[in-house]
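Asker: Pasting in a structure now, in structure tokens, and then I'll have a few things to ask.
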Amino acid sequence: MPANELDPNKWVDKYSDYLFNYTIVRVNDREVANDLISETFLAALKSAKYFKGEASERTWLISILKRKIIDYYRKINSRKGKAEVRVNYTDDYNEGEWLEEQVPDQFDRTAEDEMENNELGLAILECLDSINEKHASIFKRKTIDGADTETICNEFNITPSNLWVIIHRARTALAACLEKNWF
């Protein structure tokens, strides 16, 4: 198969597990992850004619999936904290209804909010110090520094599967620590 040809009939068998592992870490919901992967395959089929072969099929599918995940969070966040304001208006030229969406002002934070955020940040750092050192280091590299999977796996001499297990264990330990010490 030439580099710029796709084989959609094999996508599910070849890439679904990898795409699922990639997605579940980012959305933490099996059903949403499966939906996003299905949307990715559908979008890839629709845009297959634009595939140039400059990247592997998997890389191309991941790039589509990343956009689907971003769109998912945009959709969720666009619904949060909004209130609608409907205004009926009439002027010399027009008559109608105006719909305005009001979103909370992110700069309207109180000193109490700031203090709570600082306390949470300190609690997270304390909890990171209390969990397995290797797990904490890997968790920091992935979630705080934003390092990619391959880089982390090479640095720590681990497999991608092992990386996700460690990330999961670190999150679980952090959640337990925060629940015990912060809430």
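Ordered as shown in the structure tokens, chains take letters A, B, and onward, while each chain numbers its residues from 1 and ligands are numbered from 1 in the order shown.
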Excluding Thr149 in chain A and residues on its chain fewer than 3 positions from it, collect all residues at most 12 Å away from it, counting only C-alpha atoms, and give them as a PyMOL selection string.
Answerer: chain A and resi 21-22+25+138-139+141-143+145-146+152-164+167
Asker: Output C-alpha atoms for every residue in that selection, as a PDB file, in the first residue's frame.
Answerer:
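Result went into result.pdb, see below:
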```pdb
ATOM      1  CA  ASN A  21      -6.386   4.725  25.549  1.00  0.00           C
ATOM      2  CA  TYR A  22      -5.497   8.153  24.217  1.00  0.00           C
ATOM      3  CA  VAL A  25      -7.189   9.654  29.756  1.00  0.00           C
ATOM      4  CA  ILE A 138       5.833  10.873  35.634  1.00  0.00           C
ATOM      5  CA  PHE A 139       2.542  12.546  36.570  1.00  0.00           C
ATOM      6  CA  ARG A 141       5.967  15.428  33.348  1.00  0.00           C
ATOM      7  CA  LYS A 142       2.711  14.444  31.655  1.00  0.00           C
ATOM      8  CA  THR A 143       0.100  16.685  33.256  1.00  0.00           C
ATOM      9  CA  ASP A 145       4.905  19.928  31.912  1.00  0.00           C
ATOM     10  CA  GLY A 146       2.781  18.573  29.046  1.00  0.00           C
ATOM     11  CA  ILE A 152       8.254  10.278  28.961  1.00  0.00           C
ATOM     12  CA  CYS A 153       8.506   6.602  28.015  1.00  0.00           C
ATOM     13  CA  ASN A 154      12.060   7.148  26.796  1.00  0.00           C
ATOM     14  CA  GLU A 155      13.045   9.142  29.898  1.00  0.00           C
ATOM     15  CA  PHE A 156      11.721   6.544  32.327  1.00  0.00           C
ATOM     16  CA  ASN A 157      12.314   3.464  30.172  1.00  0.00           C
ATOM     17  CA  ILE A 158       8.664   2.371  30.307  1.00  0.00           C
ATOM     18  CA  THR A 159       6.036   1.347  27.763  1.00  0.00           C
ATOM     19  CA  PRO A 160       3.065   3.562  26.848  1.00  0.00           C
ATOM     20  CA  SER A 161       0.723   1.094  28.575  1.00  0.00           C
ATOM     21  CA  ASN A 162       2.834   1.270  31.720  1.00  0.00           C
ATOM     22  CA  LEU A 163       2.767   5.074  31.504  1.00  0.00           C
ATOM     23  CA  TRP A 164      -1.047   5.154  31.552  1.00  0.00           C
ATOM     24  CA  ILE A 167      -0.754   8.081  35.531  1.00  0.00           C
TER      25      ILE A 167
END
```
Asker: Using DSSP secondary structure from the backbone, list all alpha helix (DSSP H) positions within range 119-148 of chain A, as a VMD selection string.
Answerer: chain A and resid 119 to 130 133 to 139
Asker: Between A:Arg171, A:Asp148, A:Val32, A:Phe20, which is the closest to His135 in chain A once you count only C-alpha atoms?
Answerer: A:Arg171
